Amino acid sequence: MKLFKLAFSTVLVASCLAATPALASYPDRPVNMVVPFAAGGPTDNVARSLAEAMRPTLGQTVVVENKGGAGGTIGTTQIARAKPDGYSVLLMHIGFSTALSLYKNPGYTPESFEPIGLVVDVPMTIIARSDFPANTIQELVEYIKANKDKVSLANAGIGAASHLCGTMLASAIGVDLLTVPYKGTGPAMNDLLGKQVDILCDQTTNTTQHIKAGTVKAYAVTSKQRVPTLPDLPTMQEAGFKDFEVGIWHGMWAPKDTPKEVTEKLNKALQAGLADPDFQKRMAGLGATVLTQDANPAALTAKVQQQVPQWQQLFKAAGVQPQ
């Protein structure tokens, strides 16, 4: 019996010693950051800027992989099932919480992940194709009410930020709109620019450049206050929609059971990335708020716990049924 205990202890110690160098050398190859939406969209814009900002601290390239579809649940589930070694991470937004109410089986739960931290918070903008008849938010509302069967509202799929904002818009106006889902707001924006669809509610990280270039018409922002980079756009509250406020927070996760030593290194790289002046300048130019103080697991966990029941109540009140 003593010999067995001695042999078992020897094996256990040897295993620990063998694992330690691997953890100490992490990362020794590129880290894959999955964005569960198509390339060119708002979350993709955040991810690519963040990947570059995290690289110096990690000492390795962070490769952004776009895995769109099903409102972000396909890419999110991919990370939930990935090997927990720190070489696969997820950058997802508020849809991480809302999908739990919008899908009967989204393929994951919050417990499927190790939280790394919050990243940025982004307001939404309500925009339309450049030749849309309405010129103000009041005119837009009137036009939609009079032409609800003709107006098309694009989104990036059920559970995506654009879907949430579009649902709130339709509910606030009191009409049912024809919705056109895409695998991301990148392709949705392309069709809006091509005048194939009429309206899109999308994050400033994806719309600011088009608004400033005049290639789309912009009507309002969904933040409580006006966005400094888009000072001429009124808030929805200024337009008379008292409770219309939505910000799209983004977070980073690793698969469940990723070693603590690894998640700590990822968190250190995240915090350094958010503090990078170039990253902050880039995000400020796109109207995003960098959540430096909340770039930690506890803040991200608390955000998800607060958001899940909030959206469950909203969808229930709106009569939205899980898919």
# chains A, B, ... in the order shown; residues from 1 in each chain; ligands from 1

call {"tool": "closest_atom_pairs", "arguments": {"of": "stretch 205-278 of chain A", "to": "stretch 97-108 of chain A", "cutoff": "12 Å", "atoms": "only C-alpha atoms", "output": "JSON lines"}}
result
{"residue": "A:Ile248", "atom": "CA", "partner": "A:Ser97", "partner_atom": "CA", "distance": 11.2}
{"residue": "A:Trp249", "atom": "CA", "partner": "A:Ser97", "partner_atom": "CA", "distance": 10.5}
{"residue": "A:His250", "atom": "CA", "partner": "A:Ser97", "partner_atom": "CA", "distance": 10.8}
{"residue": "A:Gly251", "atom": "CA", "partner": "A:Ser97", "partner_atom": "CA", "distance": 10.9}
{"residue": "A:Pro255", "atom": "CA", "partner": "A:Tyr108", "partner_atom": "CA", "distance": 10.6}
{"residue": "A:Lys256", "atom": "CA", "partner": "A:Tyr108", "partner_atom": "CA", "distance": 10.8}

call {"tool": "atom_distance", "arguments": {"atom1": "atom CA of A:Asn190", "atom2": "atom CA of A:Met92"}}
result
21.6 Å

call {"tool": "residues_around", "arguments": {"residues": "A:Ala269", "least_positions_apart": "5", "cutoff": "7 Å", "atoms": "only C-alpha atoms", "output": "mmCIF file with C-alpha atoms, in the first residue's frame"}}
result
data_model
loop_
_atom_site.group_PDB
_atom_site.id
_atom_site.type_symbol
_atom_site.label_atom_id
_atom_site.label_comp_id
_atom_site.auth_asym_id
_atom_site.auth_seq_id
_atom_site.Cartn_x
_atom_site.Cartn_y
_atom_site.Cartn_z
ATOM 1 C CA MET A 54 -2.830 42.897 -26.959
ATOM 2 C CA THR A 57 1.958 41.966 -23.866
ATOM 3 C CA LEU A 58 1.290 38.429 -25.086
#

call {"tool": "select_by_dssp", "arguments": {"residues": "stretch 8-149 of chain A", "states": "strand (DSSP E or B)", "output": "PyMOL selection string"}}
result
chain A and resi 31-35+62-66+88-93+113-129

call {"tool": "closest_atom_pairs", "arguments": {"of": "stretch 61-179 of chain A", "to": "stretch 200-210 of chain A", "cutoff": "7 Å", "atoms": "only C-alpha atoms", "output": "JSON lines"}}
result
{"residue": "A:Val122", "atom": "CA", "partner": "A:Gln203", "partner_atom": "CA", "distance": 6.2}
{"residue": "A:Pro123", "atom": "CA", "partner": "A:Gln203", "partner_atom": "CA", "distance": 5.8}
{"residue": "A:Met124", "atom": "CA", "partner": "A:Gln203", "partner_atom": "CA", "distance": 4.2}
{"residue": "A:Thr125", "atom": "CA", "partner": "A:Asp202", "partner_atom": "CA", "distance": 5.5}
{"residue": "A:Ile126", "atom": "CA", "partner": "A:Cys201", "partner_atom": "CA", "distance": 4.5}
{"residue": "A:Ile127", "atom": "CA", "partner": "A:Leu200", "partner_atom": "CA", "distance": 5.5}
{"residue": "A:Ala128", "atom": "CA", "partner": "A:Leu200", "partner_atom": "CA", "distance": 6.1}
{"residue": "A:Leu153", "atom": "CA", "partner": "A:Leu200", "partner_atom": "CA", "distance": 5.8}
{"residue": "A:Ala154", "atom": "CA", "partner": "A:Leu200", "partner_atom": "CA", "distance": 5.2}
{"residue": "A:Asn155", "atom": "CA", "partner": "A:Leu200", "partner_atom": "CA", "distance": 6.6}
{"residue": "A:Ser162", "atom": "CA", "partner": "A:Cys201", "partner_atom": "CA", "distance": 5.2}
{"residue": "A:Cys165", "atom": "CA", "partner": "A:Cys201", "partner_atom": "CA", "distance": 6.0}
{"residue": "A:Gly166", "atom": "CA", "partner": "A:Cys201", "partner_atom": "CA", "distance": 5.9}

call {"tool": "residues_around", "arguments": {"residues": "stretch 168-179 of chain A", "least_positions_apart": "4", "cutoff": "12 Å", "atoms": "only C-alpha atoms", "output": "PDB file with N, CA and C atoms, in the first residue's frame"}}
result
ATOM      1  N   MET A 124     -25.668  52.754 -30.267  1.00  0.00           N
ATOM      2  CA  MET A 124     -26.185  52.401 -31.588  1.00  0.00           C
ATOM      3  C   MET A 124     -26.614  53.666 -32.326  1.00  0.00           C
ATOM      4  N   THR A 125     -26.703  53.565 -33.634  1.00  0.00           N
ATOM      5  CA  THR A 125     -27.230  54.643 -34.459  1.00  0.00           C
ATOM      6  C   THR A 125     -28.328  54.085 -35.348  1.00  0.00           C
ATOM      7  N   ILE A 126     -29.352  54.879 -35.568  1.00  0.00           N
ATOM      8  CA  ILE A 126     -30.428  54.498 -36.482  1.00  0.00           C
ATOM      9  C   ILE A 126     -30.159  55.188 -37.802  1.00  0.00           C
ATOM     10  N   ILE A 127     -29.937  54.387 -38.836  1.00  0.00           N
ATOM     11  CA  ILE A 127     -29.558  54.923 -40.147  1.00  0.00           C
ATOM     12  C   ILE A 127     -30.429  54.323 -41.247  1.00  0.00           C
ATOM     13  N   ILE A 137     -35.514  62.151 -37.492  1.00  0.00           N
ATOM     14  CA  ILE A 137     -36.066  61.009 -36.782  1.00  0.00           C
ATOM     15  C   ILE A 137     -37.586  61.096 -36.717  1.00  0.00           C
ATOM     16  N   GLN A 138     -38.124  62.304 -36.601  1.00  0.00           N
ATOM     17  CA  GLN A 138     -39.584  62.462 -36.579  1.00  0.00           C
ATOM     18  C   GLN A 138     -40.189  62.066 -37.931  1.00  0.00           C
ATOM     19  N   LEU A 140     -38.812  60.022 -40.023  1.00  0.00           N
ATOM     20  CA  LEU A 140     -38.611  58.576 -40.161  1.00  0.00           C
ATOM     21  C   LEU A 140     -39.751  57.817 -39.503  1.00  0.00           C
ATOM     22  N   VAL A 141     -40.104  58.215 -38.295  1.00  0.00           N
ATOM     23  CA  VAL A 141     -41.192  57.551 -37.573  1.00  0.00           C
ATOM     24  C   VAL A 141     -42.502  57.680 -38.343  1.00  0.00           C
ATOM     25  N   GLU A 142     -42.791  58.856 -38.833  1.00  0.00           N
ATOM     26  CA  GLU A 142     -44.029  59.086 -39.588  1.00  0.00           C
ATOM     27  C   GLU A 142     -44.046  58.252 -40.871  1.00  0.00           C
ATOM     28  N   TYR A 143     -42.903  58.200 -41.548  1.00  0.00           N
ATOM     29  CA  TYR A 143     -42.834  57.440 -42.804  1.00  0.00           C
ATOM     30  C   TYR A 143     -43.037  55.945 -42.542  1.00  0.00           C
ATOM     31  N   ILE A 144     -42.406  55.438 -41.481  1.00  0.00           N
ATOM     32  CA  ILE A 144     -42.546  54.017 -41.155  1.00  0.00           C
ATOM     33  C   ILE A 144     -43.992  53.669 -40.832  1.00  0.00           C
ATOM     34  N   LYS A 145     -44.640  54.509 -40.053  1.00  0.00           N
ATOM     35  CA  LYS A 145     -46.042  54.259 -39.699  1.00  0.00           C
ATOM     36  C   LYS A 145     -46.938  54.235 -40.934  1.00  0.00           C
ATOM     37  N   ALA A 146     -46.640  55.098 -41.893  1.00  0.00           N
ATOM     38  CA  ALA A 146     -47.473  55.195 -43.099  1.00  0.00           C
ATOM     39  C   ALA A 146     -47.121  54.134 -44.132  1.00  0.00           C
ATOM     40  N   ASN A 147     -45.909  53.546 -44.020  1.00  0.00           N
ATOM     41  CA  ASN A 147     -45.450  52.594 -45.050  1.00  0.00           C
ATOM     42  C   ASN A 147     -44.857  51.334 -44.430  1.00  0.00           C
ATOM     43  N   LYS A 148     -45.434  50.891 -43.331  1.00  0.00           N
ATOM     44  CA  LYS A 148     -44.835  49.785 -42.584  1.00  0.00           C
ATOM     45  C   LYS A 148     -44.703  48.492 -43.383  1.00  0.00           C
ATOM     46  N   ASP A 149     -45.562  48.293 -44.372  1.00  0.00           N
ATOM     47  CA  ASP A 149     -45.497  47.073 -45.173  1.00  0.00           C
ATOM     48  C   ASP A 149     -44.452  47.162 -46.290  1.00  0.00           C
ATOM     49  N   LYS A 150     -43.889  48.337 -46.477  1.00  0.00           N
ATOM     50  CA  LYS A 150     -42.921  48.538 -47.558  1.00  0.00           C
ATOM     51  C   LYS A 150     -41.493  48.745 -47.047  1.00  0.00           C
ATOM     52  N   VAL A 151     -41.363  49.082 -45.780  1.00  0.00           N
ATOM     53  CA  VAL A 151     -40.055  49.397 -45.219  1.00  0.00           C
ATOM     54  C   VAL A 151     -39.353  48.132 -44.727  1.00  0.00           C
ATOM     55  N   SER A 152     -38.097  47.929 -45.133  1.00  0.00           N
ATOM     56  CA  SER A 152     -37.328  46.758 -44.707  1.00  0.00           C
ATOM     57  C   SER A 152     -36.271  47.161 -43.689  1.00  0.00           C
ATOM     58  N   LEU A 153     -36.163  46.373 -42.637  1.00  0.00           N
ATOM     59  CA  LEU A 153     -35.230  46.625 -41.548  1.00  0.00           C
ATOM     60  C   LEU A 153     -34.196  45.499 -41.509  1.00  0.00           C
ATOM     61  N   ALA A 154     -32.947  45.827 -41.798  1.00  0.00           N
ATOM     62  CA  ALA A 154     -31.881  44.817 -41.816  1.00  0.00           C
ATOM     63  C   ALA A 154     -31.356  44.571 -40.412  1.00  0.00           C
ATOM     64  N   ASN A 155     -30.867  43.352 -40.172  1.00  0.00           N
ATOM     65  CA  ASN A 155     -30.161  43.058 -38.924  1.00  0.00           C
ATOM     66  C   ASN A 155     -29.157  41.935 -39.152  1.00  0.00           C
ATOM     67  N   ALA A 156     -28.333  41.694 -38.136  1.00  0.00           N
ATOM     68  CA  ALA A 156     -27.271  40.694 -38.271  1.00  0.00           C
ATOM     69  C   ALA A 156     -27.690  39.321 -37.756  1.00  0.00           C
ATOM     70  N   GLY A 157     -28.989  39.093 -37.629  1.00  0.00           N
ATOM     71  CA  GLY A 157     -29.478  37.805 -37.158  1.00  0.00           C
ATOM     72  C   GLY A 157     -30.096  37.914 -35.771  1.00  0.00           C
ATOM     73  N   ILE A 158     -30.931  36.958 -35.423  1.00  0.00           N
ATOM     74  CA  ILE A 158     -31.610  36.956 -34.128  1.00  0.00           C
ATOM     75  C   ILE A 158     -30.584  36.959 -32.998  1.00  0.00           C
ATOM     76  N   ALA A 161     -26.834  42.603 -31.960  1.00  0.00           N
ATOM     77  CA  ALA A 161     -27.126  43.946 -31.445  1.00  0.00           C
ATOM     78  C   ALA A 161     -28.103  44.686 -32.341  1.00  0.00           C
ATOM     79  N   SER A 162     -27.927  44.558 -33.638  1.00  0.00           N
ATOM     80  CA  SER A 162     -28.803  45.240 -34.587  1.00  0.00           C
ATOM     81  C   SER A 162     -30.231  44.714 -34.497  1.00  0.00           C
ATOM     82  N   HIS A 163     -30.387  43.439 -34.179  1.00  0.00           N
ATOM     83  CA  HIS A 163     -31.712  42.860 -34.004  1.00  0.00           C
ATOM     84  C   HIS A 163     -32.374  43.411 -32.739  1.00  0.00           C
ATOM     85  N   LEU A 164     -31.608  43.511 -31.666  1.00  0.00           N
ATOM     86  CA  LEU A 164     -32.146  44.034 -30.406  1.00  0.00           C
ATOM     87  C   LEU A 164     -32.604  45.467 -30.575  1.00  0.00           C
ATOM     88  N   ALA A 188     -24.923  43.303 -44.066  1.00  0.00           N
ATOM     89  CA  ALA A 188     -26.140  44.122 -43.965  1.00  0.00           C
ATOM     90  C   ALA A 188     -25.833  45.557 -44.393  1.00  0.00           C
ATOM     91  N   VAL A 197     -31.790  47.372 -48.952  1.00  0.00           N
ATOM     92  CA  VAL A 197     -32.648  47.427 -47.768  1.00  0.00           C
ATOM     93  C   VAL A 197     -32.762  48.889 -47.341  1.00  0.00           C
ATOM     94  N   ASP A 198     -33.715  49.176 -46.452  1.00  0.00           N
ATOM     95  CA  ASP A 198     -34.021  50.566 -46.115  1.00  0.00           C
ATOM     96  C   ASP A 198     -33.360  51.090 -44.838  1.00  0.00           C
ATOM     97  N   ILE A 199     -33.471  50.320 -43.754  1.00  0.00           N
ATOM     98  CA  ILE A 199     -33.059  50.822 -42.441  1.00  0.00           C
ATOM     99  C   ILE A 199     -32.157  49.815 -41.734  1.00  0.00           C
ATOM    100  N   LEU A 200     -31.281  50.342 -40.916  1.00  0.00           N
ATOM    101  CA  LEU A 200     -30.404  49.502 -40.105  1.00  0.00           C
ATOM    102  C   LEU A 200     -30.125  50.225 -38.795  1.00  0.00           C
ATOM    103  N   CYS A 201     -30.151  49.492 -37.696  1.00  0.00           N
ATOM    104  CA  CYS A 201     -29.769  50.038 -36.401  1.00  0.00           C
ATOM    105  C   CYS A 201     -28.460  49.358 -36.027  1.00  0.00           C
ATOM    106  N   ASP A 202     -27.367  50.123 -36.030  1.00  0.00           N
ATOM    107  CA  ASP A 202     -26.057  49.503 -35.886  1.00  0.00           C
ATOM    108  C   ASP A 202     -25.145  50.345 -34.997  1.00  0.00           C
ATOM    109  N   ALA A 220     -30.528  59.229 -35.341  1.00  0.00           N
ATOM    110  CA  ALA A 220     -30.425  59.364 -33.890  1.00  0.00           C
ATOM    111  C   ALA A 220     -29.428  58.360 -33.333  1.00  0.00           C
ATOM    112  N   VAL A 221     -29.002  58.605 -32.091  1.00  0.00           N
ATOM    113  CA  VAL A 221     -28.166  57.665 -31.355  1.00  0.00           C
ATOM    114  C   VAL A 221     -28.976  57.134 -30.178  1.00  0.00           C
ATOM    115  N   THR A 222     -28.591  55.953 -29.679  1.00  0.00           N
ATOM    116  CA  THR A 222     -29.373  55.307 -28.624  1.00  0.00           C
ATOM    117  C   THR A 222     -28.792  55.521 -27.234  1.00  0.00           C
ATOM    118  N   MET A 236     -32.395  59.329 -28.848  1.00  0.00           N
ATOM    119  CA  MET A 236     -33.783  58.910 -28.992  1.00  0.00           C
ATOM    120  C   MET A 236     -34.653  59.548 -27.908  1.00  0.00           C
ATOM    121  N   GLN A 237     -34.065  59.795 -26.752  1.00  0.00           N
ATOM    122  CA  GLN A 237     -34.814  60.462 -25.690  1.00  0.00           C
ATOM    123  C   GLN A 237     -35.151  61.896 -26.084  1.00  0.00           C
ATOM    124  N   ALA A 239     -35.690  62.796 -28.992  1.00  0.00           N
ATOM    125  CA  ALA A 239     -36.706  62.676 -30.040  1.00  0.00           C
ATOM    126  C   ALA A 239     -38.071  62.292 -29.483  1.00  0.00           C
ATOM    127  N   GLY A 240     -38.157  62.121 -28.162  1.00  0.00           N
ATOM    128  CA  GLY A 240     -39.442  61.831 -27.554  1.00  0.00           C
ATOM    129  C   GLY A 240     -39.642  60.401 -27.088  1.00  0.00           C
ATOM    130  N   PHE A 241     -38.602  59.558 -27.252  1.00  0.00           N
ATOM    131  CA  PHE A 241     -38.700  58.165 -26.824  1.00  0.00           C
ATOM    132  C   PHE A 241     -37.994  58.040 -25.475  1.00  0.00           C
ATOM    133  N   LYS A 242     -38.718  58.271 -24.416  1.00  0.00           N
ATOM    134  CA  LYS A 242     -38.167  58.431 -23.076  1.00  0.00           C
ATOM    135  C   LYS A 242     -37.300  57.265 -22.610  1.00  0.00           C
ATOM    136  N   ASP A 243     -37.739  56.054 -22.851  1.00  0.00           N
ATOM    137  CA  ASP A 243     -37.025  54.883 -22.327  1.00  0.00           C
ATOM    138  C   ASP A 243     -36.161  54.180 -23.363  1.00  0.00           C
ATOM    139  N   PHE A 244     -35.939  54.822 -24.485  1.00  0.00           N
ATOM    140  CA  PHE A 244     -35.159  54.181 -25.548  1.00  0.00           C
ATOM    141  C   PHE A 244     -33.671  54.460 -25.336  1.00  0.00           C
ATOM    142  N   GLU A 245     -33.012  53.515 -24.692  1.00  0.00           N
ATOM    143  CA  GLU A 245     -31.573  53.635 -24.455  1.00  0.00           C
ATOM    144  C   GLU A 245     -30.954  52.239 -24.500  1.00  0.00           C
ATOM    145  N   VAL A 246     -29.954  52.061 -25.318  1.00  0.00           N
ATOM    146  CA  VAL A 246     -29.275  50.770 -25.376  1.00  0.00           C
ATOM    147  C   VAL A 246     -27.812  50.974 -25.755  1.00  0.00           C
ATOM    148  N   TRP A 311     -33.197  41.186 -20.152  1.00  0.00           N
ATOM    149  CA  TRP A 311     -33.650  40.955 -21.525  1.00  0.00           C
ATOM    150  C   TRP A 311     -34.753  39.912 -21.584  1.00  0.00           C
ATOM    151  N   LEU A 314     -37.838  41.892 -21.103  1.00  0.00           N
ATOM    152  CA  LEU A 314     -38.149  42.738 -22.262  1.00  0.00           C
ATOM    153  C   LEU A 314     -38.735  41.914 -23.402  1.00  0.00           C
ATOM    154  N   PHE A 315     -38.112  40.770 -23.687  1.00  0.00           N
ATOM    155  CA  PHE A 315     -38.603  39.937 -24.788  1.00  0.00           C
ATOM    156  C   PHE A 315     -39.982  39.362 -24.478  1.00  0.00           C
ATOM    157  N   ALA A 317     -42.265  40.779 -22.612  1.00  0.00           N
ATOM    158  CA  ALA A 317     -43.224  41.863 -22.757  1.00  0.00           C
ATOM    159  C   ALA A 317     -43.508  42.170 -24.219  1.00  0.00           C
ATOM    160  N   ALA A 318     -42.500  41.967 -25.082  1.00  0.00           N
ATOM    161  CA  ALA A 318     -42.649  42.243 -26.502  1.00  0.00           C
ATOM    162  C   ALA A 318     -43.263  41.073 -27.266  1.00  0.00           C
ATOM    163  N   GLY A 319     -43.474  39.954 -26.565  1.00  0.00           N
ATOM    164  CA  GLY A 319     -44.071  38.781 -27.213  1.00  0.00           C
ATOM    165  C   GLY A 319     -43.106  38.019 -28.099  1.00  0.00           C
ATOM    166  N   VAL A 320     -41.799  38.179 -27.871  1.00  0.00           N
ATOM    167  CA  VAL A 320     -40.795  37.482 -28.678  1.00  0.00           C
ATOM    168  C   VAL A 320     -40.661  36.066 -28.168  1.00  0.00           C
TER     169      VAL A 320
END

call {"tool": "atom_distance", "arguments": {"atom1": "atom CA of A:Asp28", "atom2": "atom CA of A:Gln60"}}
result
7.2 Å

call {"tool": "atom_distance", "arguments": {"atom1": "atom CA of A:Val290", "atom2": "atom CA of A:Met252"}}
result
13.4 Å

call {"tool": "residues_around", "arguments": {"residues": "A:Thr258", "least_positions_apart": "4", "cutoff": "12 Å", "atoms": "only C-alpha atoms", "output": "PyMOL selection string"}}
result
chain A and resi 23+79-89+112-116+253-254+262-266

call {"tool": "write_last_selection", "arguments": {"atoms": "N, CA and C atoms", "output": "compact mmCIF listing (two decimals), in the first residue's frame"}}
result
# COMPACT_ATOMS: atom_id res chain seq x y z
N LEU A 23 2.66 26.05 -18.95
CA LEU A 23 1.93 27.22 -18.52
C LEU A 23 2.84 28.44 -18.48
N ILE A 79 -16.26 28.31 -29.27
CA ILE A 79 -15.32 28.55 -28.18
C ILE A 79 -15.72 27.78 -26.93
N ALA A 80 -17.02 27.64 -26.69
CA ALA A 80 -17.48 26.87 -25.54
C ALA A 80 -16.97 25.43 -25.61
N ARG A 81 -16.77 24.92 -26.82
CA ARG A 81 -16.33 23.53 -27.02
C ARG A 81 -14.85 23.42 -27.33
N ALA A 82 -14.16 24.55 -27.36
CA ALA A 82 -12.74 24.53 -27.73
C ALA A 82 -11.88 23.99 -26.60
N LYS A 83 -10.68 23.59 -26.92
CA LYS A 83 -9.73 23.10 -25.93
C LYS A 83 -9.38 24.24 -24.98
N PRO A 84 -9.48 24.02 -23.68
CA PRO A 84 -9.22 25.10 -22.71
C PRO A 84 -7.73 25.31 -22.44
N ASP A 85 -7.03 25.76 -23.45
CA ASP A 85 -5.58 25.93 -23.32
C ASP A 85 -5.13 27.38 -23.49
N GLY A 86 -6.11 28.29 -23.68
CA GLY A 86 -5.76 29.70 -23.83
C GLY A 86 -5.48 30.14 -25.25
N TYR A 87 -5.54 29.22 -26.18
CA TYR A 87 -5.26 29.58 -27.57
C TYR A 87 -6.53 29.84 -28.38
N SER A 88 -7.67 29.75 -27.70
CA SER A 88 -8.95 30.08 -28.32
C SER A 88 -9.73 30.96 -27.35
N VAL A 89 -10.05 32.19 -27.77
CA VAL A 89 -10.83 33.10 -26.94
C VAL A 89 -11.99 33.66 -27.77
N SER A 112 -20.27 27.91 -19.42
CA SER A 112 -19.42 27.24 -20.41
C SER A 112 -18.09 27.96 -20.61
N PHE A 113 -17.90 29.08 -19.89
CA PHE A 113 -16.74 29.94 -20.16
C PHE A 113 -16.04 30.39 -18.88
N GLU A 114 -14.82 30.85 -19.07
CA GLU A 114 -14.08 31.57 -18.05
C GLU A 114 -14.06 33.03 -18.49
N PRO A 115 -14.66 33.93 -17.71
CA PRO A 115 -14.67 35.35 -18.11
C PRO A 115 -13.28 35.97 -17.99
N ILE A 116 -12.94 36.79 -18.95
CA ILE A 116 -11.66 37.52 -18.93
C ILE A 116 -11.90 38.97 -18.53
N TRP A 253 -14.03 36.10 -23.36
CA TRP A 253 -14.11 34.86 -22.59
C TRP A 253 -13.14 33.82 -23.14
N ALA A 254 -12.79 32.86 -22.27
CA ALA A 254 -12.04 31.67 -22.67
C ALA A 254 -12.91 30.46 -22.34
N VAL A 262 -3.32 30.96 -17.13
CA VAL A 262 -3.52 31.40 -18.51
C VAL A 262 -4.52 32.54 -18.58
N THR A 263 -5.65 32.41 -17.87
CA THR A 263 -6.65 33.48 -17.91
C THR A 263 -6.08 34.77 -17.30
N GLU A 264 -5.20 34.63 -16.33
CA GLU A 264 -4.57 35.82 -15.74
C GLU A 264 -3.68 36.51 -16.76
N LYS A 265 -2.97 35.74 -17.57
CA LYS A 265 -2.13 36.33 -18.62
C LYS A 265 -3.00 37.00 -19.68
N LEU A 266 -4.11 36.37 -20.01
CA LEU A 266 -5.03 36.97 -20.98
C LEU A 266 -5.62 38.27 -20.43

call {"tool": "residues_around", "arguments": {"residues": "A:Leu230", "least_positions_apart": "2", "cutoff": "10 Å", "atoms": "only C-alpha atoms", "output": "compact mmCIF listing (two decimals) with C-alpha atoms, in the first residue's frame"}}
result
# COMPACT_ATOMS: atom_id res chain seq x y z
CA THR A 125 -27.23 54.64 -34.46
CA THR A 204 -21.16 53.55 -34.04
CA THR A 208 -19.51 56.51 -38.01
CA ILE A 211 -22.36 58.81 -41.57
CA LYS A 212 -19.48 61.26 -41.91
CA ALA A 218 -28.43 59.10 -39.87
CA ALA A 220 -30.42 59.36 -33.89
CA VAL A 221 -28.17 57.66 -31.36
CA ARG A 226 -25.11 62.72 -27.65
CA VAL A 227 -21.98 61.08 -29.06
CA PRO A 228 -19.04 63.53 -29.33
CA ASP A 232 -25.49 66.66 -34.70
CA LEU A 233 -27.39 63.44 -34.03
CA PRO A 234 -30.07 63.70 -31.33
CA GLY A 285 -13.12 58.09 -32.93
CA LEU A 286 -15.79 55.44 -33.36
CA GLY A 287 -17.88 56.63 -30.42

call {"tool": "closest_residue", "arguments": {"among": "A:Met283, A:Val64, A:Ala298, A:Ala134", "to": "A:Gly40", "atoms": "only C-alpha atoms"}}
result
A:Val64

call {"tool": "select_by_dssp", "arguments": {"residues": "stretch 75-269 of chain A", "states": "alpha helix (DSSP H)", "output": "ChimeraX atom specification"}}
result
/A:75-80,95-102,137-146,161-173,185-193,204-213,260-269

call {"tool": "residues_around", "arguments": {"residues": "A:Val34", "least_positions_apart": "3", "cutoff": "6 Å", "atoms": "only C-alpha atoms", "output": "mmCIF file with C-alpha atoms, in the first residue's frame"}}
result
data_model
loop_
_atom_site.group_PDB
_atom_site.id
_atom_site.type_symbol
_atom_site.label_atom_id
_atom_site.label_comp_id
_atom_site.auth_asym_id
_atom_site.auth_seq_id
_atom_site.Cartn_x
_atom_site.Cartn_y
_atom_site.Cartn_z
ATOM 1 C CA VAL A 64 -9.116 37.228 -35.533
ATOM 2 C CA GLU A 65 -11.403 34.509 -36.917
ATOM 3 C CA ASN A 66 -14.910 35.426 -38.090
ATOM 4 C CA LEU A 90 -14.162 34.740 -27.707
#

call {"tool": "closest_residue", "arguments": {"among": "A:Leu118, A:Leu50, A:Leu193, A:Ala38", "to": "A:Asp278", "atoms": "only C-alpha atoms"}}
result
A:Leu50
